[in-house]
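Participant: Please find model03.txt (compact mmCIF, C-alpha atoms) on the next line:
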```txt
# COMPACT_ATOMS: atom_id res chain seq x y z
CA MET A 3 12.60 27.04 29.93
CA ASN A 4 15.19 29.01 27.92
CA LEU A 5 14.55 28.20 24.27
CA THR A 6 17.13 30.51 22.68
CA GLU A 7 19.12 29.33 19.66
CA LYS A 8 22.56 30.89 19.27
CA LYS A 9 24.17 31.60 15.91
CA ILE A 10 27.60 29.95 15.68
CA ASP A 11 28.32 30.42 11.99
CA GLY A 12 26.55 31.36 8.78
CA ARG A 13 26.98 31.81 5.06
CA VAL A 14 25.06 33.55 2.31
CA ILE A 15 23.80 31.04 -0.29
CA TYR A 16 22.07 33.52 -2.59
CA GLU A 17 21.33 37.22 -2.73
CA GLY A 18 18.71 38.36 -5.21
CA LYS A 19 16.18 41.10 -5.87
CA ILE A 20 13.42 39.87 -3.55
CA LEU A 21 15.23 37.76 -0.99
CA LYS A 22 18.53 36.65 0.46
CA LEU A 23 19.06 33.03 1.53
CA GLU A 24 21.41 32.31 4.42
CA LEU A 25 22.35 28.98 5.95
CA ASP A 26 23.20 29.41 9.62
CA GLU A 27 24.68 26.95 12.08
CA VAL A 28 23.03 27.29 15.51
CA GLU A 29 23.42 25.90 18.99
CA LEU A 30 20.13 24.55 20.38
CA PRO A 31 19.00 24.91 24.02
CA ASP A 32 20.39 21.43 24.87
CA GLY A 33 23.82 22.29 23.47
CA SER A 34 23.44 20.27 20.27
CA MET A 35 24.03 21.85 16.86
CA SER A 36 21.57 22.35 14.02
CA LYS A 37 21.17 24.31 10.78
CA ARG A 38 18.66 27.06 9.99
CA GLU A 39 17.64 27.93 6.44
CA CYS A 40 16.91 31.67 6.56
CA VAL A 41 15.07 33.66 3.90
CA ARG A 42 15.87 37.31 4.62
CA HIS A 43 13.33 39.79 3.27
CA SER A 44 12.98 43.57 3.63
CA GLY A 45 9.31 43.33 4.64
CA GLY A 46 5.98 44.04 3.01
CA ALA A 47 3.16 46.58 3.28
CA ALA A 48 -0.50 46.24 2.30
CA VAL A 49 -3.75 48.22 2.42
CA LEU A 50 -7.28 47.02 3.09
CA TYR A 51 -9.48 49.69 1.48
CA VAL A 52 -13.18 49.24 2.19
CA SER A 53 -15.66 51.70 0.71
CA ASP A 54 -19.40 51.18 1.31
CA ASP A 55 -18.86 47.46 2.05
CA ASN A 56 -16.80 47.00 -1.12
CA VAL A 57 -13.21 45.82 -0.88
CA LEU A 58 -10.49 46.95 -3.30
CA LEU A 59 -8.62 43.88 -4.56
CA VAL A 60 -5.93 43.40 -7.15
CA LYS A 61 -5.75 40.31 -9.32
CA GLN A 62 -2.31 39.35 -10.49
CA PHE A 63 -0.53 36.32 -11.86
CA ARG A 64 1.57 34.72 -9.14
CA TYR A 65 4.22 32.58 -10.71
CA LEU A 66 4.70 30.48 -7.56
CA TYR A 67 1.10 29.24 -7.74
CA ASP A 68 0.93 29.33 -11.56
CA LYS A 69 -2.35 31.27 -11.56
CA GLU A 70 -3.96 34.66 -11.03
CA ILE A 71 -4.89 35.32 -7.41
CA TYR A 72 -6.76 38.07 -5.59
CA GLU A 73 -4.95 40.08 -2.92
CA ILE A 74 -5.29 43.42 -1.21
CA PRO A 75 -2.86 45.92 -2.80
CA ALA A 76 0.63 45.26 -1.42
CA GLY A 77 4.32 45.32 -2.11
CA LYS A 78 7.81 45.08 -0.80
CA LEU A 79 9.43 47.70 1.41
CA GLU A 80 12.28 49.47 -0.31
CA CYS A 81 15.47 49.67 1.71
CA GLY A 82 14.85 51.73 4.86
CA GLU A 83 11.35 52.72 3.73
CA ASN A 84 8.62 53.51 6.25
CA ALA A 85 5.89 50.83 6.11
CA ALA A 86 2.91 53.22 5.93
CA PHE A 87 4.63 55.17 3.17
CA ALA A 88 5.29 51.93 1.27
CA ALA A 89 1.67 50.82 1.72
CA ASP A 90 0.37 54.08 0.25
CA ARG A 91 2.93 53.99 -2.57
CA GLU A 92 1.97 50.43 -3.55
CA LEU A 93 -1.73 51.27 -3.33
CA GLU A 94 -1.26 54.13 -5.79
CA GLU A 95 1.08 52.18 -8.10
CA GLU A 96 -1.28 49.22 -8.35
CA THR A 97 -4.70 50.87 -8.25
CA GLY A 98 -4.45 54.64 -8.78
CA TYR A 99 -5.93 55.34 -5.33
CA LYS A 100 -4.20 57.29 -2.58
CA ALA A 101 -5.26 56.95 1.06
CA GLU A 102 -6.38 60.04 2.97
CA ILE A 103 -5.89 58.15 6.23
CA LEU A 104 -4.08 54.86 7.01
CA ILE A 105 -4.78 53.00 10.25
CA PRO A 106 -2.43 50.16 11.33
CA LEU A 107 -4.47 46.94 11.16
CA LEU A 108 -2.08 43.98 11.45
CA LYS A 109 1.57 43.05 11.70
CA ILE A 110 2.04 39.58 10.23
CA TYR A 111 4.85 37.03 10.31
CA PRO A 112 3.86 35.04 7.21
CA SER A 113 5.87 31.84 7.76
CA PRO A 114 8.16 32.05 10.79
CA GLY A 115 9.86 28.70 10.13
CA TYR A 116 12.02 30.04 7.31
CA THR A 117 11.44 33.75 6.61
CA ASP A 118 12.00 36.92 8.65
CA GLU A 119 9.52 38.92 6.57
CA ILE A 120 7.09 41.19 8.42
CA ILE A 121 3.97 42.31 6.53
CA HIS A 122 2.45 45.59 7.76
CA VAL A 123 -1.25 45.81 6.90
CA TYR A 124 -3.14 49.11 7.06
CA PHE A 125 -6.83 49.91 6.86
CA THR A 126 -8.50 52.84 5.14
CA ASP A 127 -12.05 53.83 4.26
CA LYS A 128 -11.06 57.11 2.65
CA CYS A 129 -9.10 57.36 -0.61
CA LYS A 130 -8.96 59.67 -3.56
CA ARG A 131 -8.30 58.85 -7.19
CA THR A 132 -5.02 60.12 -8.56
CA SER A 133 -4.07 60.55 -12.17
CA LYS A 134 -1.15 58.15 -11.81
CA LYS A 135 -1.05 55.32 -14.32
CA PRO A 136 -0.05 51.81 -13.13
CA ASP A 137 3.73 51.36 -13.09
CA GLU A 138 5.40 49.78 -16.07
CA GLY A 139 5.96 46.11 -15.32
CA GLU A 140 2.99 45.97 -12.92
CA PHE A 141 0.59 43.57 -14.60
CA VAL A 142 -2.37 43.81 -12.25
CA ASP A 143 -6.13 44.24 -12.58
CA CYS A 144 -7.94 45.99 -9.74
CA GLU A 145 -11.61 45.87 -8.82
CA PHE A 146 -14.04 46.51 -5.98
CA LEU A 147 -15.87 43.42 -4.74
CA PRO A 148 -18.70 43.33 -2.16
CA ILE A 149 -17.39 42.10 1.19
CA ASP A 150 -20.01 39.30 1.30
CA LYS A 151 -18.71 38.02 -2.01
CA VAL A 152 -15.11 38.26 -0.79
CA LEU A 153 -16.04 36.16 2.28
CA LYS A 154 -17.60 33.52 0.02
CA MET A 155 -14.48 33.53 -2.15
CA ILE A 156 -12.34 32.89 0.96
CA GLU A 157 -14.70 30.10 2.07
CA GLY A 158 -14.56 28.58 -1.41
CA GLY A 159 -10.76 28.69 -1.55
CA VAL A 160 -10.75 31.26 -4.37
CA ILE A 161 -9.00 33.81 -2.10
CA SER A 162 -6.17 32.31 -0.04
CA ASP A 163 -3.58 35.06 0.29
CA GLY A 164 -2.68 35.17 4.00
CA LYS A 165 -2.57 38.94 4.57
CA THR A 166 -5.86 39.34 2.68
CA VAL A 167 -7.63 36.58 4.63
CA ALA A 168 -6.38 37.89 8.00
CA ALA A 169 -7.30 41.50 7.13
CA ILE A 170 -10.81 40.62 5.92
CA TYR A 171 -11.62 38.50 8.99
CA LYS A 172 -10.24 41.16 11.33
CA TYR A 173 -12.40 43.74 9.56
CA ILE A 174 -15.49 41.52 9.99
CA ALA A 175 -14.67 40.53 13.58
CA ILE A 176 -13.59 43.90 14.96
CA ILE A 177 -14.24 46.93 12.73
CA LYS A 178 -17.56 46.16 11.05
CA LYS A 179 -19.43 44.73 14.03
CA MET B 5 -6.06 40.68 -19.89
CA ASN B 6 -3.89 37.55 -20.01
CA LEU B 7 -1.37 37.88 -17.16
CA THR B 8 0.35 34.50 -17.48
CA GLU B 9 4.12 34.24 -17.02
CA LYS B 10 5.77 31.40 -18.90
CA LYS B 11 8.81 29.53 -17.61
CA ILE B 12 11.65 29.61 -20.14
CA ASP B 13 14.49 28.27 -18.03
CA GLY B 14 15.33 27.53 -14.41
CA ARG B 15 18.03 26.31 -12.07
CA VAL B 16 18.15 25.03 -8.50
CA ILE B 17 20.21 27.34 -6.29
CA TYR B 18 19.83 25.39 -3.04
CA GLU B 19 18.04 22.31 -1.77
CA GLY B 20 17.78 21.90 1.99
CA LYS B 21 15.67 20.33 4.70
CA ILE B 22 12.90 22.93 4.83
CA LEU B 23 13.00 24.57 1.42
CA LYS B 24 14.37 24.51 -2.10
CA LEU B 25 15.36 27.75 -3.84
CA GLU B 26 15.00 27.96 -7.61
CA LEU B 27 15.79 30.86 -9.93
CA ASP B 28 13.54 30.78 -12.97
CA GLU B 29 13.65 32.84 -16.12
CA VAL B 30 10.15 33.78 -17.28
CA GLU B 31 8.48 35.52 -20.19
CA LEU B 32 6.10 38.30 -19.07
CA PRO B 33 2.72 39.07 -20.72
CA ASP B 34 4.32 41.79 -22.89
CA GLY B 35 6.98 39.40 -24.19
CA SER B 36 9.82 40.79 -22.07
CA MET B 37 11.95 38.54 -19.88
CA SER B 38 12.28 38.57 -16.09
CA LYS B 39 13.56 36.39 -13.23
CA ARG B 40 11.54 34.76 -10.44
CA GLU B 41 13.09 33.76 -7.11
CA CYS B 42 11.09 30.70 -6.03
CA VAL B 43 11.09 29.19 -2.55
CA ARG B 44 9.62 25.70 -2.98
CA HIS B 45 8.08 24.23 0.20
CA SER B 46 6.13 21.03 0.86
CA GLY B 47 3.34 22.87 2.71
CA GLY B 48 2.23 23.28 6.29
CA ALA B 49 -0.61 22.15 8.54
CA ALA B 50 -1.94 23.73 11.73
CA VAL B 51 -4.71 23.27 14.29
CA LEU B 52 -6.80 25.87 16.09
CA TYR B 53 -8.02 24.06 19.21
CA VAL B 54 -10.53 26.05 21.25
CA SER B 55 -11.92 24.56 24.44
CA ASP B 56 -14.34 26.62 26.57
CA ASP B 57 -13.09 29.88 25.04
CA ASN B 58 -9.47 28.91 25.69
CA VAL B 59 -7.03 28.60 22.79
CA LEU B 60 -4.18 26.08 22.75
CA LEU B 61 -0.97 27.87 21.75
CA VAL B 62 2.64 26.79 21.56
CA LYS B 63 5.49 29.11 22.39
CA GLN B 64 8.73 28.43 20.59
CA PHE B 65 11.94 30.19 19.75
CA ARG B 66 11.88 31.29 16.11
CA TYR B 67 15.41 31.89 14.95
CA LEU B 68 14.32 34.15 12.09
CA TYR B 69 12.81 36.66 14.52
CA ASP B 70 15.35 35.97 17.29
CA LYS B 71 12.64 35.53 19.92
CA GLU B 72 9.99 33.20 21.30
CA ILE B 73 6.64 33.60 19.59
CA TYR B 74 3.16 32.20 20.12
CA GLU B 75 1.56 30.14 17.36
CA ILE B 76 -1.18 27.57 17.01
CA PRO B 77 0.38 24.07 16.84
CA ALA B 78 1.73 23.51 13.31
CA GLY B 79 4.36 21.88 11.22
CA LYS B 80 5.60 20.93 7.81
CA LEU B 81 3.95 18.31 5.63
CA GLU B 82 6.14 15.30 5.11
CA CYS B 83 6.53 14.21 1.49
CA GLY B 84 3.12 13.18 0.14
CA GLU B 85 1.47 13.46 3.55
CA ASN B 86 -2.24 14.26 3.87
CA ALA B 87 -2.68 17.74 5.42
CA ALA B 88 -5.26 16.73 8.06
CA PHE B 89 -3.08 13.80 9.11
CA ALA B 90 -0.06 16.13 9.37
CA ALA B 91 -2.07 18.65 11.42
CA ASP B 92 -3.09 15.98 13.91
CA ARG B 93 0.44 14.54 14.03
CA GLU B 94 1.97 17.95 14.76
CA LEU B 95 -0.70 18.71 17.35
CA GLU B 96 0.17 15.52 19.21
CA GLU B 97 3.95 15.93 18.83
CA GLU B 98 3.91 19.49 20.13
CA THR B 99 1.17 19.38 22.76
CA GLY B 100 0.21 15.78 23.64
CA TYR B 101 -3.38 16.36 22.40
CA LYS B 102 -5.07 14.40 19.63
CA ALA B 103 -8.13 15.76 17.82
CA GLU B 104 -11.36 13.75 17.82
CA ILE B 105 -12.60 15.83 14.91
CA LEU B 106 -10.79 18.22 12.53
CA ILE B 107 -12.74 20.73 10.43
CA PRO B 108 -11.00 22.57 7.55
CA LEU B 109 -10.79 26.25 8.54
CA LEU B 110 -8.42 28.00 6.13
CA LYS B 111 -6.07 27.45 3.24
CA ILE B 112 -3.39 30.12 3.31
CA TYR B 113 -0.77 31.32 0.81
CA PRO B 114 1.61 32.96 3.32
CA SER B 115 3.68 35.14 0.96
CA PRO B 116 2.82 34.58 -2.70
CA GLY B 117 5.61 36.81 -4.04
CA TYR B 118 8.34 34.25 -3.38
CA THR B 119 7.03 31.00 -1.83
CA ASP B 120 4.65 28.29 -3.08
CA GLU B 121 3.86 27.12 0.45
CA ILE B 122 0.23 26.34 1.29
CA ILE B 123 -0.73 26.24 4.98
CA HIS B 124 -3.79 24.11 5.78
CA VAL B 125 -5.45 25.23 9.01
CA TYR B 126 -7.99 23.04 10.82
CA PHE B 127 -10.34 23.74 13.69
CA THR B 128 -11.29 21.47 16.57
CA ASP B 129 -13.14 21.83 19.83
CA LYS B 130 -12.71 18.19 20.83
CA CYS B 131 -9.38 16.62 21.73
CA LYS B 132 -8.13 13.95 24.07
CA ARG B 133 -4.86 13.81 25.96
CA THR B 134 -2.46 11.12 24.82
CA SER B 135 0.48 9.73 26.72
CA LYS B 136 2.88 10.79 23.99
CA LYS B 137 5.84 12.88 25.13
CA PRO B 138 6.97 15.84 22.98
CA ASP B 139 9.35 14.75 20.23
CA GLU B 140 13.06 14.98 20.84
CA GLY B 141 14.32 18.19 19.27
CA GLU B 142 10.93 19.92 19.68
CA PHE B 143 11.65 22.73 22.11
CA VAL B 144 8.15 24.10 22.62
CA ASP B 145 6.01 25.16 25.58
CA CYS B 146 2.26 24.80 25.21
CA GLU B 147 -0.51 26.53 27.13
CA PHE B 148 -4.21 27.41 27.00
CA LEU B 149 -4.93 31.14 26.89
CA PRO B 150 -8.38 32.78 27.10
CA ILE B 151 -9.48 33.97 23.65
CA ASP B 152 -10.01 37.54 24.91
CA LYS B 153 -6.40 37.61 26.06
CA VAL B 154 -5.23 36.18 22.72
CA LEU B 155 -7.10 38.97 20.90
CA LYS B 156 -5.39 41.58 23.09
CA MET B 157 -2.02 39.94 22.38
CA ILE B 158 -2.70 40.22 18.64
CA GLU B 159 -3.77 43.88 19.03
CA GLY B 160 -0.63 44.57 21.06
CA GLY B 161 1.67 42.95 18.51
CA VAL B 162 2.64 40.12 20.89
CA ILE B 163 1.08 37.54 18.55
CA SER B 164 1.89 38.14 14.87
CA ASP B 165 2.08 34.68 13.32
CA GLY B 166 -0.02 34.88 10.15
CA LYS B 167 -1.86 31.54 10.32
CA THR B 168 -2.63 32.15 14.02
CA VAL B 169 -3.96 35.68 13.45
CA ALA B 170 -6.11 34.59 10.47
CA ALA B 171 -7.47 31.55 12.34
CA ILE B 172 -8.35 33.53 15.50
CA TYR B 173 -10.13 36.30 13.58
CA LYS B 174 -12.02 33.77 11.45
CA TYR B 175 -13.07 31.99 14.65
CA ILE B 176 -14.33 35.28 16.15
CA ALA B 177 -15.97 36.48 12.92
CA ILE B 178 -17.64 33.26 11.81
CA ILE B 179 -17.68 30.40 14.31
CA LYS B 180 -18.13 32.10 17.67
CA LYS B 181 -20.76 34.64 16.70
```
Now, as a test, write the supplied structure out as structure tokens.
Facilitator:
Amino acid sequence: MNLTEKKIDGRVIYEGKILKLELDEVELPDGSMSKRECVRHSGGAAVLYVSDDNVLLVKQFRYLYDKEIYEIPAGKLECGENAAFAADRELEEETGYKAEILIPLLKIYPSPGYTDEIIHVYFTDKCKRTSKKPDEGEFVDCEFLPIDKVLKMIEGGVISDGKTVAAIYKYIAIIKK
Amino acid sequence: MNLTEKKIDGRVIYEGKILKLELDEVELPDGSMSKRECVRHSGGAAVLYVSDDNVLLVKQFRYLYDKEIYEIPAGKLECGENAAFAADRELEEETGYKAEILIPLLKIYPSPGYTDEIIHVYFTDKCKRTSKKPDEGEFVDCEFLPIDKVLKMIEGGVISDGKTVAAIYKYIAIIKK
């Protein structure tokens, strides 16, 4: 069955710092017409850093959920930026660590119904401290938490960030075993 | 450190079928002002159905990635709808299966930088076939794939949907072992 949807027309509703919203008119497989609300995003990069069974997490206020949440260090790709480079840059900006090696762990489509974002997640178990101070405007706390505690926090709904949850369970399922 | 951001003002940029986009003006912890681009979403629900080490997946064209992708059956919560009810409804609409039991597996924030969506993922190993035909306008194929094959598809980048990846690895890490 050919399931392709063909773009017939489209317009930009909003273009901001983080995202662009487009409203496209598409032709469905049966020839009927529909609309697609499209959040265009440059992509994200994240690092799971595990050292001696401790996971490096950042805690930051997320306005969309109106609370502080735990996540692995991550950020948005700058225009044309290589994902591994972005991952290492965000790691250093948020935590002051720099990876000595970065291994691709996951490529995630966070919510394919309305966003084209791709989140590239890397794994490292080797970092060094740099002298870099957190970037101005980055209000984040970072801390190492034992992986068993992190698992309990996921189970208890305290950690819900998608890239973090996927990375931790992949680490447990594949790397650690 | 208090990291709270306080809403000062806001306006609705767009309100559609899937999402609402708001642009809020916020006060940061240091007293400076910033803007937050907010995709408001009613939430999602999904079901990981594993039967004899086979995983039920749906393949559908996702316009945002311009290709067909594999996902666990899922959909959007209708206004005020219970998440478990929505998960079971979407499962039946997309695949013709109805769960006899649904166990909460994950609560996921797919991309906390710009969306408030919460995806509720359930697990089941017991379903029955219903006579229901796929909904009109639902262009999806569904199939059972062996879990070992699904893992290889994730490793190979063929499956990248966030809720699916997180659910599969949690199943391997916690339930199956």
Participant: Just how far from CA of Tyr67 (chain B) is CA of Ile17 (chain B), in Å to one decimal?
Facilitator: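 A separation of 22.2 Å between them.
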Participant: Quick one: of B:Glu72, B:Glu31, B:Asp129, B:Asp56, who's nearest to chain A, counting all atoms listed in the file?
Facilitator: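 Ranked by minimum distance to chain A, first place goes to B:Glu72.
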Participant: Would you mind reading off the distance between CA of Leu79 (chain A) and CA of Ser44 (chain A), one decimal, in Å?
Facilitator: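 Calculated distance between CA of Leu79 (chain A) and CA of Ser44 (chain A) is 5.9 Å.
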Participant: May I ask you to extract the residues of chain B within 6 Å of chain A, using all atoms listed in the file, and to give them as a compact mmCIF listing (two decimals) with C-alpha atoms, in the coordinates of the input?
Facilitator:
```
# COMPACT_ATOMS: atom_id res chain seq x y z
CA LEU B 7 -1.37 37.88 -17.16
CA THR B 8 0.35 34.50 -17.48
CA PHE B 65 11.94 30.19 19.75
CA LEU B 68 14.32 34.15 12.09
CA TYR B 69 12.81 36.66 14.52
CA LYS B 111 -6.07 27.45 3.24
CA ILE B 112 -3.39 30.12 3.31
CA TYR B 113 -0.77 31.32 0.81
CA PRO B 114 1.61 32.96 3.32
CA ASP B 120 4.65 28.29 -3.08
CA SER B 164 1.89 38.14 14.87
CA ASP B 165 2.08 34.68 13.32
CA GLY B 166 -0.02 34.88 10.15
CA ALA B 170 -6.11 34.59 10.47
CA TYR B 173 -10.13 36.30 13.58
CA LYS B 174 -12.02 33.77 11.45
CA ILE B 176 -14.33 35.28 16.15
CA ALA B 177 -15.97 36.48 12.92
```
Participant: Which is closer to Arg93 (chain B) than all the others in B:Ser135, B:Ala50, B:Thr128, B:Val62, using all atoms listed in the file?
Facilitator: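 Smallest separation from Arg93 (chain B) among the options: B:Ala50.
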Participant: I want to know what sits within 7 Å of Asn58 (chain B), based on all atoms listed in the file, with residues of the same chain fewer than 6 positions away left out; could you give that as a list in words?
Facilitator: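 The residues that qualify are Phe148, Leu149, Pro150 and Ile151 of chain B.
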Participant: Please report the interatomic distance between CA of Glu104 (chain B) and CA of Asp152 (chain B) in Å with one decimal.
Facilitator: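 Value for the CA of Glu104 (chain B)-CA of Asp152 (chain B) distance: 24.9 Å.
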Participant: In terms of the shortest atom-to-atom distance over all atoms listed in the file, which of B:Gly100, B:Pro77, B:Gly84, B:Pro108 is closest to Val51 (chain B)?
Facilitator: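 For Val51 (chain B), the nearest of the given residues is B:Pro77.
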Participant: Since fewer atoms than expected are present, regenerate N, CA and C atoms for region 149-161 of chain B and write them as an mmCIF file, in the frame of the given file.
Facilitator:
```
data_model
loop_
_atom_site.group_PDB
_atom_site.id
_atom_site.type_symbol
_atom_site.label_atom_id
_atom_site.label_comp_id
_atom_site.auth_asym_id
_atom_site.auth_seq_id
_atom_site.Cartn_x
_atom_site.Cartn_y
_atom_site.Cartn_z
ATOM 1 N N LEU B 149 -4.729 29.741 26.537
ATOM 2 C CA LEU B 149 -4.930 31.140 26.890
ATOM 3 C C LEU B 149 -6.360 31.531 26.529
ATOM 4 N N PRO B 150 -7.017 32.335 27.397
ATOM 5 C CA PRO B 150 -8.380 32.780 27.100
ATOM 6 C C PRO B 150 -8.405 33.569 25.779
ATOM 7 N N ILE B 151 -9.445 33.358 24.987
ATOM 8 C CA ILE B 151 -9.480 33.970 23.650
ATOM 9 C C ILE B 151 -9.453 35.505 23.725
ATOM 10 N N ASP B 152 -10.053 36.084 24.771
ATOM 11 C CA ASP B 152 -10.010 37.540 24.910
ATOM 12 C C ASP B 152 -8.582 38.039 25.102
ATOM 13 N N LYS B 153 -7.801 37.248 25.853
ATOM 14 C CA LYS B 153 -6.400 37.610 26.060
ATOM 15 C C LYS B 153 -5.615 37.467 24.746
ATOM 16 N N VAL B 154 -5.905 36.403 24.005
ATOM 17 C CA VAL B 154 -5.230 36.180 22.720
ATOM 18 C C VAL B 154 -5.497 37.358 21.770
ATOM 19 N N LEU B 155 -6.750 37.813 21.745
ATOM 20 C CA LEU B 155 -7.100 38.970 20.900
ATOM 21 C C LEU B 155 -6.294 40.204 21.301
ATOM 22 N N LYS B 156 -6.175 40.424 22.618
ATOM 23 C CA LYS B 156 -5.390 41.580 23.090
ATOM 24 C C LYS B 156 -3.921 41.428 22.714
ATOM 25 N N MET B 157 -3.425 40.187 22.757
ATOM 26 C CA MET B 157 -2.020 39.940 22.380
ATOM 27 C C MET B 157 -1.806 40.204 20.887
ATOM 28 N N ILE B 158 -2.811 39.902 20.076
ATOM 29 C CA ILE B 158 -2.700 40.220 18.640
ATOM 30 C C ILE B 158 -2.704 41.739 18.467
ATOM 31 N N GLU B 159 -3.671 42.406 19.130
ATOM 32 C CA GLU B 159 -3.770 43.880 19.030
ATOM 33 C C GLU B 159 -2.471 44.544 19.470
ATOM 34 N N GLY B 160 -1.839 43.976 20.507
ATOM 35 C CA GLY B 160 -0.630 44.570 21.060
ATOM 36 C C GLY B 160 0.644 44.158 20.330
ATOM 37 N N GLY B 161 0.495 43.359 19.273
ATOM 38 C CA GLY B 161 1.670 42.950 18.510
ATOM 39 C C GLY B 161 2.476 41.832 19.162
#
```
